Amino acid sequence: MTSAAIATSGLTKRFGHQVAVDSVDLLVPPGSVYGFLGPNGSGKTTTIRMLLGLVTPTAGSVEVLGRPMPGSVGSVLPRVGALVEGPAFHPYLSGRDNLARLDAADRTTDAGSAAARVDRALDRVGLLTAARKRYRAYSLGMRQRLAIAGALLRPRDLLVLDEPTNGLDPQGTREVRSLVASLNDDGTTVLVSSHLLSEVEQMCTHLGIMHLGRLVAQDTAARVRARSEPEATVDTDQPEVAATIMRELGLSAVSATAVAATGRLGEVAPEKVVAACVHAGVPVLGFRVGSPSLEDVFVSLTGEGFHVGD
Ligand SMILES: Nc1ncnc2c1ncn2[C@@H]1O[C@H](COP(=O)(O)OP(=O)(O)OP(=O)(O)O)[C@@H](O)[C@H]1O
Ligand SMILES: [Mg+2]
């Protein structure tokens, strides 16, 4: 059996009385792109900090690349590229010089090829032309790109990216997405946190959903999506009658607007809805079956809306 890229057991962090991370069992399969989702304050960054040995857990255990953390930080961290909130770059140095300093701090790399390594990383995030600019003159998006470049200075077995598209424009967001895909193609496992559902939906093979410090769902992206039961919608000028018929047939979460009735099908065959309406003399002006978006699944799991990015 190939061991997990990341596995936590009962991982918990309390700040005073507040439980920021509550008994989380994370399982990130090797080779996956794992979307770590949740609203603001749900405990994503705190969890990620514990994975990287930056914060000591109150309880529970962490294994990264098969090694216990924080016990094995020395051997594990060189294999992990990380982007966590608030990277410490020097404001008066250029982007290139900042990366060179970061690269020099990694004693496992060859100093002779440092310049090439730095420029390759800058190039991958599209910062080569702005490489000589001082960090303090960088825009938020440029700072974010530089932090990603820092995680790419050497080949990694695991990339941990906390909200990597924060502050990026749509083009930058697309670039991060394709960067993640190409790194994953090369065999790098990626954990990417986000509250922007639309981004994660496109790039992830697996999803973990945090809510109030708890991991409320963890599965393949396909299976999380399958949790969203198909809904049937009848367009009619008698929506209340149609809604009653739907309830009688056994549909759940039935609702009516002025022009339509909608309900979750569950085990009910869609054609039965049409037949029952027609039989009852309700004019069926239109009929649709569709699955709620992943966002709707989130809403039902967390009771909160997610901001879906532009
Ligand atoms: N150092 C700290 N001291 C006290 N409370 C903290 C600390 N760090 C985080 N918290 C609290 O823990 C909870 C989880 O915070 P965390 O930053 O992990 O959430 P998040 O999911 O990353 O949110 P966001 O989407 O806003 O980045 C929050 O209520 C936060 O206020
Ligand atoms: Mg965070």
# chains A, B, ... in the order shown; residues from 1 in each chain; ligands from 1
>>> select_by_dssp(residues="segment 61-207 of chain A", states="helix (DSSP H, G or I)", output="count of residues only")
73
>>> select_by_dssp(residues="segment 73-170 of chain A", states="strand (DSSP E)", output="PyMOL selection string")
chain A and resi 80-83+158-162
>>> residues_around(residues="segment 180-193 of chain A", least_positions_apart="5", cutoff="9 Å", atoms="only C-alpha atoms", output="NGL selection string")
:A and (5 or 28-38 or 44-45 or 48 or 155-164 or 175 or 200 or 203-204)
>>> write_last_selection(atoms="C-alpha atoms", output="CSV table (one decimal), in the first residue's frame")
chain,number,residue,atom,x,y,z
A,5,ALA,CA,0.9,12.1,1.3
A,28,VAL,CA,-4.6,13.2,1.2
A,29,PRO,CA,-3.8,10.4,-1.3
A,30,PRO,CA,-0.5,10.4,-3.1
A,31,GLY,CA,-0.8,11.9,-6.6
A,32,SER,CA,-4.0,13.8,-5.8
A,33,VAL,CA,-5.0,17.5,-6.0
A,34,TYR,CA,-6.8,17.9,-2.7
A,35,GLY,CA,-9.1,20.9,-2.4
A,36,PHE,CA,-9.2,22.0,1.2
A,37,LEU,CA,-12.4,24.1,1.4
A,38,GLY,CA,-14.2,26.1,4.0
A,44,LYS,CA,-7.9,25.8,7.1
A,45,THR,CA,-4.8,27.9,7.8
A,48,ILE,CA,-2.0,23.8,7.3
A,155,PRO,CA,11.1,19.7,-7.3
A,156,ARG,CA,8.7,18.8,-4.5
A,157,ASP,CA,6.8,15.7,-3.6
A,158,LEU,CA,4.1,17.7,-2.0
A,159,LEU,CA,2.9,21.3,-2.5
A,160,VAL,CA,0.8,22.9,0.2
A,161,LEU,CA,-0.8,26.1,-1.1
A,162,ASP,CA,-3.0,28.2,1.3
A,163,GLU,CA,-5.3,30.3,-0.8
A,164,PRO,CA,-2.8,30.6,-3.7
A,175,GLU,CA,-2.2,30.4,-14.5
A,200,VAL,CA,-11.3,24.2,-6.6
A,203,MET,CA,-8.6,21.6,-10.4
A,204,CYS,CA,-9.2,19.0,-7.7
>>> closest_atom_pairs(of="chain A", to="ligand 1", cutoff="7 Å", atoms="only C-alpha atoms and all ligand atoms", output="CSV")
residue,atom,partner,partner_atom_place_in_ligand_line,distance
A:Phe15,CA,ligand 1,4 (C),4.9
A:Ala20,CA,ligand 1,12 (O),4.2
A:Gly38,CA,ligand 1,21 (O),6.0
A:Pro39,CA,ligand 1,25 (O),5.4
A:Asn40,CA,ligand 1,25 (O),3.3
A:Gly41,CA,ligand 1,19 (O),3.4
A:Ser42,CA,ligand 1,21 (O),3.8
A:Gly43,CA,ligand 1,18 (O),3.2
A:Lys44,CA,ligand 1,21 (O),3.7
A:Thr45,CA,ligand 1,22 (O),3.6
A:Thr46,CA,ligand 1,18 (O),3.7
A:Thr47,CA,ligand 1,18 (O),6.3
A:His195,CA,ligand 1,25 (O),6.2
A:Gly213,CA,ligand 1,14 (C),6.8
>>> closest_residue(among="A:Ala243, A:Leu197, A:Val234, A:Gly10", to="Arg288 of chain A", atoms="only C-alpha atoms")
A:Val234
>>> closest_residue(among="A:Ser252, A:Val273, A:Val224, A:Ala232", to="Asp296 of chain A", atoms="only C-alpha atoms")
A:Val224
>>> atom_distance(atom1="atom CA of Leu285 of chain A", atom2="atom CA of Asp235 of chain A")
5.2 Å
>>> residues_around(residues="Leu140 of chain A", least_positions_apart="3", cutoff="10 Å", atoms="only C-alpha atoms", output="PyMOL selection string")
chain A and resi 136-137+143-146+166-169
>>> closest_residue(among="A:Gly208, A:Pro239, A:Gly16, A:Pro78", to="Ala261 of chain A", atoms="only C-alpha atoms")
A:Pro239
>>> closest_residue(among="A:Val289, A:Leu27, A:Ala88, A:Ser113", to="Val64 of chain A", atoms="only C-alpha atoms")
A:Leu27
>>> atom_distance(atom1="atom CA of Leu265 of chain A", atom2="atom CA of Leu251 of chain A")
5.1 Å
>>> residues_around(residues="Ser23 of chain A", least_positions_apart="2", cutoff="7 Å", atoms="only C-alpha atoms", output="PyMOL selection string")
chain A and resi 10-12+21+25+214
